[in-house]
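As stored in run-v5.cif (mmCIF, C-alpha atoms):
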data_run
loop_
_atom_site.group_PDB
_atom_site.id
_atom_site.type_symbol
_atom_site.label_atom_id
_atom_site.label_comp_id
_atom_site.auth_asym_id
_atom_site.auth_seq_id
_atom_site.Cartn_x
_atom_site.Cartn_y
_atom_site.Cartn_z
ATOM 1 C CA MET E 191 103.555 113.145 139.407
ATOM 2 C CA SER E 192 103.177 115.299 136.351
ATOM 3 C CA GLU E 193 101.238 112.660 134.380
ATOM 4 C CA ASN E 194 98.303 112.956 136.770
ATOM 5 C CA HIS E 195 98.050 116.675 136.211
ATOM 6 C CA GLU E 196 98.328 116.760 132.463
ATOM 7 C CA HIS E 197 94.669 117.284 131.726
ATOM 8 C CA LYS E 198 93.880 119.502 134.657
ATOM 9 C CA HIS E 199 95.256 122.710 133.132
ATOM 10 C CA HIS E 200 92.704 125.388 132.648
ATOM 11 C CA ILE E 201 92.606 126.628 129.079
ATOM 12 C CA LEU E 202 91.787 130.305 128.673
ATOM 13 C CA SER E 203 89.178 130.622 125.936
ATOM 14 C CA ILE E 204 89.934 132.929 122.999
ATOM 15 C CA LYS E 205 86.629 134.650 123.712
ATOM 16 C CA THR E 206 87.635 135.486 127.297
ATOM 17 C CA ALA E 207 91.059 136.680 126.086
ATOM 18 C CA GLY E 208 89.294 138.896 123.534
ATOM 19 C CA ILE E 209 86.970 140.383 126.164
ATOM 20 C CA ILE E 210 89.977 141.128 128.403
ATOM 21 C CA LEU E 211 91.755 142.818 125.481
ATOM 22 C CA GLY E 212 88.634 144.908 124.861
ATOM 23 C CA LEU E 213 88.474 145.959 128.519
ATOM 24 C CA LEU E 214 92.183 146.832 128.517
ATOM 25 C CA LEU E 215 91.738 149.034 125.443
ATOM 26 C CA ILE E 216 88.696 150.784 126.974
ATOM 27 C CA LEU E 217 90.653 151.397 130.206
ATOM 28 C CA THR E 218 93.546 152.815 128.145
ATOM 29 C CA ALA E 219 91.125 155.222 126.426
ATOM 30 C CA ILE E 220 89.763 156.273 129.835
ATOM 31 C CA THR E 221 93.328 156.735 131.157
ATOM 32 C CA VAL E 222 94.196 159.098 128.288
ATOM 33 C CA ALA E 223 90.850 160.960 128.574
ATOM 34 C CA VAL E 224 91.135 161.464 132.349
ATOM 35 C CA SER E 225 94.703 162.756 132.017
ATOM 36 C CA ARG E 226 93.445 165.601 129.783
ATOM 37 C CA ILE E 227 91.327 166.983 132.626
ATOM 38 C CA ASP E 228 93.148 168.847 135.373
ATOM 39 C CA LEU E 229 92.210 167.246 138.680
ATOM 40 C CA GLY E 230 95.347 168.172 140.566
ATOM 41 C CA PHE E 231 96.800 165.338 142.590
ATOM 42 C CA MET E 232 93.746 163.205 141.747
ATOM 43 C CA ASN E 233 95.184 162.822 138.240
ATOM 44 C CA VAL E 234 98.054 160.733 139.578
ATOM 45 C CA ALA E 235 95.678 158.745 141.814
ATOM 46 C CA ALA E 236 93.271 158.109 138.914
ATOM 47 C CA ALA E 237 96.093 157.125 136.544
ATOM 48 C CA LEU E 238 97.504 154.679 139.096
ATOM 49 C CA ALA E 239 94.071 153.226 139.931
ATOM 50 C CA LEU E 240 93.358 152.640 136.230
ATOM 51 C CA ALA E 241 96.832 151.173 135.637
ATOM 52 C CA THR E 242 96.384 148.851 138.622
ATOM 53 C CA THR E 243 93.018 147.685 137.284
ATOM 54 C CA LYS E 244 94.636 146.955 133.912
ATOM 55 C CA ALA E 245 97.512 145.143 135.628
ATOM 56 C CA LEU E 246 95.019 143.009 137.580
ATOM 57 C CA LEU E 247 93.228 142.003 134.378
ATOM 58 C CA VAL E 248 96.542 140.986 132.785
ATOM 59 C CA ILE E 249 97.693 139.045 135.864
ATOM 60 C CA LEU E 250 94.370 137.294 136.536
ATOM 61 C CA PHE E 251 93.501 136.288 132.980
ATOM 62 C CA PHE E 252 96.444 136.551 130.579
ATOM 63 C CA MET E 253 98.850 135.254 133.223
ATOM 64 C CA HIS E 254 96.276 132.654 134.348
ATOM 65 C CA MET E 255 96.577 133.659 138.002
ATOM 66 C CA LYS E 256 92.815 133.256 138.488
ATOM 67 C CA TYR E 257 93.228 129.561 137.683
ATOM 68 C CA GLU E 258 96.454 128.866 139.610
ATOM 69 C CA ASN E 259 96.575 127.066 142.941
ATOM 70 C CA ARG E 260 96.362 128.943 146.248
ATOM 71 C CA PHE E 261 100.104 128.753 146.901
ATOM 72 C CA MET E 262 100.992 130.494 143.640
ATOM 73 C CA GLN E 263 98.286 133.090 144.194
ATOM 74 C CA ALA E 264 99.594 133.740 147.698
ATOM 75 C CA ILE E 265 103.222 134.308 146.676
ATOM 76 C CA VAL E 266 102.268 136.552 143.760
ATOM 77 C CA PHE E 267 100.054 138.552 146.087
ATOM 78 C CA LEU E 268 102.892 138.736 148.619
ATOM 79 C CA CYS E 269 105.306 140.039 145.979
ATOM 80 C CA PHE E 270 102.998 142.868 144.944
ATOM 81 C CA LEU E 271 102.105 143.574 148.558
ATOM 82 C CA LEU E 272 105.806 144.046 149.340
ATOM 83 C CA LEU E 273 106.120 146.404 146.377
ATOM 84 C CA ALA E 274 103.049 148.336 147.552
ATOM 85 C CA ILE E 275 104.520 148.654 151.068
ATOM 86 C CA PHE E 276 107.859 149.773 149.583
ATOM 87 C CA ILE E 277 106.214 152.472 147.443
ATOM 88 C CA GLY E 278 103.554 153.364 150.015
ATOM 89 C CA MET E 279 105.977 153.862 152.899
ATOM 90 C CA THR E 280 108.260 155.990 150.725
ATOM 91 C CA PHE E 281 105.274 158.182 149.940
ATOM 92 C CA PHE E 282 104.133 158.471 153.539
ATOM 93 C CA ASP E 283 107.623 159.655 154.374
ATOM 94 C CA LEU E 284 107.805 162.166 151.518
ATOM 95 C CA ALA E 285 104.288 163.519 151.892
ATOM 96 C CA TYR E 286 104.755 164.529 155.523
ATOM 97 C CA ARG E 287 108.224 165.994 155.335
ATOM 98 C CA GLY E 288 108.427 169.616 156.307
ATOM 99 C CA GLY E 289 109.849 172.254 153.972
ATOM 100 C CA MET M 517 106.965 107.617 126.400
ATOM 101 C CA SER M 518 110.095 109.244 127.783
ATOM 102 C CA ASN M 519 111.318 108.762 131.301
ATOM 103 C CA THR M 520 112.403 112.361 131.668
ATOM 104 C CA HIS M 521 110.838 113.843 134.751
ATOM 105 C CA LYS M 522 108.982 117.044 133.980
ATOM 106 C CA ASP M 523 108.009 119.193 136.887
ATOM 107 C CA TYR M 524 105.310 121.479 135.547
ATOM 108 C CA ALA M 525 104.570 123.236 138.843
ATOM 109 C CA GLY M 526 108.279 123.686 139.550
ATOM 110 C CA ALA M 527 108.892 125.254 136.143
ATOM 111 C CA LYS M 528 106.038 127.696 136.643
ATOM 112 C CA LEU M 529 107.115 128.559 140.187
ATOM 113 C CA GLY M 530 110.688 129.146 139.052
ATOM 114 C CA MET M 531 109.521 131.537 136.362
ATOM 115 C CA TRP M 532 107.346 133.479 138.795
ATOM 116 C CA LEU M 533 110.221 133.790 141.269
ATOM 117 C CA PHE M 534 112.345 135.268 138.477
ATOM 118 C CA LEU M 535 109.496 137.622 137.567
ATOM 119 C CA PHE M 536 109.384 138.861 141.181
ATOM 120 C CA THR M 537 112.990 140.013 140.813
ATOM 121 C CA GLU M 538 111.951 141.852 137.646
ATOM 122 C CA VAL M 539 109.035 143.484 139.463
ATOM 123 C CA LEU M 540 111.341 144.632 142.255
ATOM 124 C CA LEU M 541 113.982 145.848 139.779
ATOM 125 C CA PHE M 542 111.465 148.147 138.132
ATOM 126 C CA GLY M 543 109.800 148.758 141.490
ATOM 127 C CA GLY M 544 112.970 150.421 142.751
ATOM 128 C CA MET M 545 112.908 152.769 139.784
ATOM 129 C CA PHE M 546 109.213 153.513 140.293
ATOM 130 C CA VAL M 547 110.008 154.547 143.868
ATOM 131 C CA LEU M 548 112.696 156.877 142.519
ATOM 132 C CA TYR M 549 110.179 158.289 140.060
ATOM 133 C CA ALA M 550 107.564 158.746 142.807
ATOM 134 C CA ALA M 551 110.006 160.526 145.094
ATOM 135 C CA TYR M 552 111.162 162.938 142.382
ATOM 136 C CA LEU M 553 107.625 163.511 141.101
ATOM 137 C CA HIS M 554 106.774 164.632 144.609
ATOM 138 C CA GLU M 555 109.722 167.020 144.717
ATOM 139 C CA TYR M 556 109.603 168.383 141.162
ATOM 140 C CA ARG M 557 105.910 168.252 140.311
ATOM 141 C CA ALA M 558 105.932 171.273 137.972
ATOM 142 C CA ASP M 559 109.128 170.244 136.152
ATOM 143 C CA PHE M 560 107.800 166.721 135.573
ATOM 144 C CA HIS M 561 104.674 168.283 134.104
ATOM 145 C CA VAL M 562 106.766 170.348 131.674
ATOM 146 C CA GLY M 563 108.844 167.263 130.815
ATOM 147 C CA GLY M 564 105.815 165.034 130.289
ATOM 148 C CA LYS M 565 104.245 167.580 127.936
ATOM 149 C CA GLN M 566 107.254 167.162 125.626
ATOM 150 C CA LEU M 567 106.643 163.443 125.147
ATOM 151 C CA ASP M 568 104.590 162.233 122.219
ATOM 152 C CA VAL M 569 101.238 161.070 123.642
ATOM 153 C CA PHE M 570 100.221 159.647 120.265
ATOM 154 C CA ILE M 571 103.257 157.333 119.999
ATOM 155 C CA GLY M 572 102.917 156.456 123.690
ATOM 156 C CA THR M 573 99.256 155.494 123.265
ATOM 157 C CA LEU M 574 100.000 153.614 120.051
ATOM 158 C CA ASN M 575 102.711 151.596 121.796
ATOM 159 C CA THR M 576 100.317 150.861 124.671
ATOM 160 C CA VAL M 577 97.746 149.478 122.224
ATOM 161 C CA VAL M 578 100.462 147.473 120.420
ATOM 162 C CA LEU M 579 101.678 145.897 123.678
ATOM 163 C CA LEU M 580 98.150 145.147 124.950
ATOM 164 C CA PHE M 581 97.352 143.465 121.655
ATOM 165 C CA SER M 582 100.623 141.506 121.796
ATOM 166 C CA SER M 583 99.714 140.307 125.291
ATOM 167 C CA PHE M 584 96.415 139.047 123.902
ATOM 168 C CA ALA M 585 98.239 137.396 120.977
ATOM 169 C CA ILE M 586 100.645 135.402 123.177
ATOM 170 C CA ALA M 587 97.806 134.392 125.538
ATOM 171 C CA ALA M 588 95.914 133.171 122.444
ATOM 172 C CA ALA M 589 99.028 131.302 121.212
ATOM 173 C CA ILE M 590 99.148 129.420 124.532
ATOM 174 C CA THR M 591 95.440 128.555 124.256
ATOM 175 C CA PHE M 592 96.011 127.261 120.710
ATOM 176 C CA ILE M 593 98.982 125.063 121.647
ATOM 177 C CA GLN M 594 96.920 123.604 124.523
ATOM 178 C CA GLN M 595 94.159 122.847 122.034
ATOM 179 C CA GLY M 596 96.668 121.190 119.697
ATOM 180 C CA LYS M 597 96.352 123.904 117.038
ATOM 181 C CA LYS M 598 100.076 124.239 116.428
ATOM 182 C CA LYS M 599 99.937 126.320 113.267
ATOM 183 C CA LEU M 600 97.746 128.953 114.921
ATOM 184 C CA ALA M 601 99.983 128.903 117.993
ATOM 185 C CA VAL M 602 103.055 129.559 115.831
ATOM 186 C CA ASN M 603 101.279 132.329 113.897
ATOM 187 C CA PHE M 604 100.074 134.094 117.023
ATOM 188 C CA THR M 605 103.592 133.925 118.482
ATOM 189 C CA TYR M 606 104.855 135.500 115.238
ATOM 190 C CA LEU M 607 102.193 138.174 115.687
ATOM 191 C CA THR M 608 103.520 138.890 119.188
ATOM 192 C CA ILE M 609 107.083 139.176 117.852
ATOM 193 C CA ALA M 610 105.822 141.538 115.120
ATOM 194 C CA CYS M 611 104.222 143.719 117.835
ATOM 195 C CA ALA M 612 107.557 143.765 119.678
ATOM 196 C CA GLY M 613 109.168 144.961 116.430
ATOM 197 C CA ILE M 614 106.590 147.740 115.969
ATOM 198 C CA PHE M 615 107.083 148.806 119.583
ATOM 199 C CA VAL M 616 110.868 149.064 119.207
ATOM 200 C CA ILE M 617 110.539 150.966 115.896
ATOM 201 C CA ASN M 618 108.159 153.480 117.528
ATOM 202 C CA LYS M 619 110.512 153.821 120.487
ATOM 203 C CA THR M 620 113.438 154.450 118.126
ATOM 204 C CA ILE M 621 111.480 157.156 116.263
ATOM 205 C CA GLU M 622 110.593 158.733 119.601
ATOM 206 C CA TRP M 623 114.137 158.668 120.981
ATOM 207 C CA ARG M 624 115.564 160.007 117.700
ATOM 208 C CA ALA M 625 113.161 162.957 117.885
ATOM 209 C CA LYS M 626 114.356 163.622 121.447
ATOM 210 C CA PHE M 627 118.027 163.435 120.373
ATOM 211 C CA HIS M 628 117.143 165.839 117.576
ATOM 212 C CA HIS M 629 115.901 168.324 120.147
ATOM 213 C CA GLY M 630 119.164 167.993 122.006
ATOM 214 C CA ILE M 631 117.681 165.778 124.695
ATOM 215 C CA TRP M 632 119.751 162.760 125.658
ATOM 216 C CA PRO M 633 121.230 161.764 129.023
ATOM 217 C CA ASP M 634 123.595 164.484 130.194
ATOM 218 C CA SER M 635 123.247 166.512 126.968
ATOM 219 C CA PRO M 636 124.362 170.177 127.110
ATOM 220 C CA HIS M 637 120.769 171.303 126.442
ATOM 221 C CA LEU M 638 119.406 169.136 129.262
ATOM 222 C CA ARG M 639 121.955 170.533 131.710
ATOM 223 C CA GLU M 640 120.673 174.038 130.987
ATOM 224 C CA LEU M 641 117.124 173.019 131.890
ATOM 225 C CA SER M 642 115.770 172.935 135.412
ATOM 226 C CA HIS M 643 116.988 170.234 137.770
ATOM 227 C CA GLY M 644 113.581 168.526 137.850
ATOM 228 C CA GLU M 645 113.251 168.392 134.071
ATOM 229 C CA ASN M 646 116.756 166.958 133.825
ATOM 230 C CA ILE M 647 115.790 164.232 136.312
ATOM 231 C CA PHE M 648 112.529 163.581 134.461
ATOM 232 C CA PHE M 649 114.350 162.901 131.207
ATOM 233 C CA GLY M 650 117.041 160.916 133.010
ATOM 234 C CA LEU M 651 114.366 158.619 134.438
ATOM 235 C CA TYR M 652 112.583 158.568 131.088
ATOM 236 C CA PHE M 653 115.653 157.274 129.258
ATOM 237 C CA LEU M 654 116.593 154.873 132.049
ATOM 238 C CA MET M 655 113.151 153.343 132.552
ATOM 239 C CA THR M 656 111.888 153.224 128.958
ATOM 240 C CA GLY M 657 115.382 152.133 127.880
ATOM 241 C CA LEU M 658 115.511 149.227 130.315
ATOM 242 C CA HIS M 659 111.945 148.375 129.328
ATOM 243 C CA ALA M 660 112.890 148.395 125.624
ATOM 244 C CA VAL M 661 115.775 146.010 126.414
ATOM 245 C CA HIS M 662 113.174 143.707 127.974
ATOM 246 C CA VAL M 663 111.003 143.976 124.849
ATOM 247 C CA ILE M 664 113.975 142.936 122.698
ATOM 248 C CA ILE M 665 114.866 140.042 125.028
ATOM 249 C CA GLY M 666 111.194 138.990 125.008
ATOM 250 C CA ALA M 667 111.131 138.984 121.199
ATOM 251 C CA ILE M 668 114.275 136.817 121.088
ATOM 252 C CA LEU M 669 112.782 134.474 123.689
ATOM 253 C CA LEU M 670 109.554 134.157 121.684
ATOM 254 C CA SER M 671 111.544 133.477 118.496
ATOM 255 C CA VAL M 672 113.210 130.555 120.286
ATOM 256 C CA MET M 673 109.724 129.351 121.302
ATOM 257 C CA VAL M 674 108.638 129.364 117.642
ATOM 258 C CA TRP M 675 111.661 127.209 116.858
ATOM 259 C CA PHE M 676 110.772 124.878 119.768
ATOM 260 C CA MET M 677 107.200 124.536 118.471
ATOM 261 C CA LYS M 678 108.487 123.697 114.992
ATOM 262 C CA LYS M 679 110.885 121.117 116.490
ATOM 263 C CA ASP M 680 107.987 119.717 118.564
ATOM 264 C CA VAL M 681 109.869 120.447 121.799
ATOM 265 C CA ILE M 682 106.747 122.439 122.690
ATOM 266 C CA ASN M 683 103.497 120.607 121.889
ATOM 267 C CA GLN M 684 100.006 119.976 123.198
ATOM 268 C CA GLN M 685 101.332 117.825 126.046
ATOM 269 C CA ASP M 686 104.348 119.904 127.020
ATOM 270 C CA PHE M 687 103.846 123.653 126.722
ATOM 271 C CA VAL M 688 105.261 125.083 129.932
ATOM 272 C CA LYS M 689 108.152 126.748 128.054
ATOM 273 C CA LEU M 690 105.716 128.739 125.934
ATOM 274 C CA GLU M 691 103.667 129.573 129.029
ATOM 275 C CA ASN M 692 106.762 130.847 130.831
ATOM 276 C CA ALA M 693 107.891 132.886 127.820
ATOM 277 C CA GLY M 694 104.337 134.253 127.769
ATOM 278 C CA LEU M 695 104.573 135.192 131.455
ATOM 279 C CA TYR M 696 107.778 137.115 130.718
ATOM 280 C CA TRP M 697 106.042 138.889 127.877
ATOM 281 C CA HIS M 698 103.089 139.821 130.080
ATOM 282 C CA ILE M 699 105.439 141.302 132.707
ATOM 283 C CA VAL M 700 106.935 143.474 129.949
ATOM 284 C CA ASP M 701 103.393 144.614 129.154
ATOM 285 C CA LEU M 702 102.582 145.159 132.858
ATOM 286 C CA ILE M 703 105.581 147.446 133.341
ATOM 287 C CA TRP M 704 104.552 149.487 130.317
ATOM 288 C CA ILE M 705 100.999 149.794 131.703
ATOM 289 C CA PHE M 706 102.553 151.842 134.538
ATOM 290 C CA LEU M 707 105.286 153.597 132.541
ATOM 291 C CA PHE M 708 102.792 154.987 130.035
ATOM 292 C CA PRO M 709 100.618 157.149 132.343
ATOM 293 C CA LEU M 710 103.570 158.124 134.547
ATOM 294 C CA PHE M 711 105.686 159.527 131.725
ATOM 295 C CA TYR M 712 103.335 160.452 128.900
ATOM 296 C CA LEU M 713 100.279 161.602 130.806
ATOM 297 C CA VAL M 714 101.855 163.162 133.902
ATOM 298 C CA LEU M 715 100.046 166.272 135.072
#

Would you write out, as structure tokens, the structure that this file holds?
Amino acid sequence: MSENHEHKHHILSIKTAGIILGLLLILTAITVAVSRIDLGFMNVAAALALATTKALLVILFFMHMKYENRFMQAIVFLCFLLLAIFIGMTFFDLAYRGG
Amino acid sequence: MSNTHKDYAGAKLGMWLFLFTEVLLFGGMFVLYAAYLHEYRADFHVGGKQLDVFIGTLNTVVLLFSSFAIAAAITFIQQGKKKLAVNFTYLTIACAGIFVINKTIEWRAKFHHGIWPDSPHLRELSHGENIFFGLYFLMTGLHAVHVIIGAILLSVMVWFMKKDVINQQDFVKLENAGLYWHIVDLIWIFLFPLFYLVL
């Protein structure tokens, strides 16, 4: 089985990896800059949106998820979806509690 | 050459399944953080202001660069450039070292100010601030343990590359060690804004 697949692996080019690193560093700079401005609750939302974007870049490129087969992509997506539901539902509960 | 059956897809899948448990382990703590942030917004703000944004940012840059370095090491081993692959793995381990040193400096400064889990000073502070620092030590501490484990794992990978256990044809071990390292980076990507930049 494995012999047939040996040359089918996608190799991430150093150039692409470098561009991703550059984007991650820019997003980090933006994260720090945005946190210095008081936007109320939007600060948390902005920080999480930026962190999620960074996480996506790491997962898709550094972790090769963009080049994996559909099955792997589906289970990784499912895992993070479950986490999002877990965190999201907790927040819906907390946000609408009285007192 | 050898008759040993190597299941590339199985090895990758196994690693990802393990990583899911890591994601959920930290996920549980992130939920705890979220719930307490909601309840003690002002206290978390006061707590966050006491953390060193410079060291936090520096460690973020170090980990992002290390993630790039291990991704590059995997590219190099796939291209048959073993020496570069080994050197970039060393670079990743060096970044792990810098991260842990920075973390140690940071924690020592906190201890110096009388802040450690359940310290007398912390008990005098507000409930929310106490919880903030409790979560800070728990989450960054567990993360630092992962950084150390990752560095050990990558050191073993260097040894494997030198012994030719990992080579251009068979590199899934390095890829899986890389995946572990990226998860360590991913967790920090969320820890950093939540603790150091909280408003």

**Asked** Of the candidates E:Ile275, E:Leu238, E:Val224, E:Leu284, which one gets nearest to Leu553 (chain M) if we count all atoms listed in the file?
**Response**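 The closest residue to Leu553 (chain M) is E:Leu284.
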
**Asked** Could you pull the residues within 8 Å of region 204-212 of chain E, counting all atoms listed in the file, minus those fewer than 3 positions along the same chain, as an MDAnalysis selection string?
**Response** (chainID E and resid 215:216 247:248 251:252) or (chainID M and resid 580:581 584 587:588 591)

**Request:** Would you kindly translate the PyMOL selection byres ((chain M) within 8 of (chain E)) into the concrete residues it picks from this file, as a ChimeraX atom specification?
**Result:** /M:521-524,529,532,536,540,543,546-547,550-551,554,573,576-577,580-581,583-584,587-588,591,594,685,694-695,698,702,705-706,709-710,713-715

**Prompt:** Between CA of Leu548 (chain M) and CA of Ile631 (chain M), what is the distance, to one decimal in Å?
**Reply:**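 Atom-to-atom, CA of Leu548 (chain M) to CA of Ile631 (chain M), that is 20.5 Å.
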
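CA of Val700 (chain M) lies 23.9 Å from CA of Asp686 (chain M).
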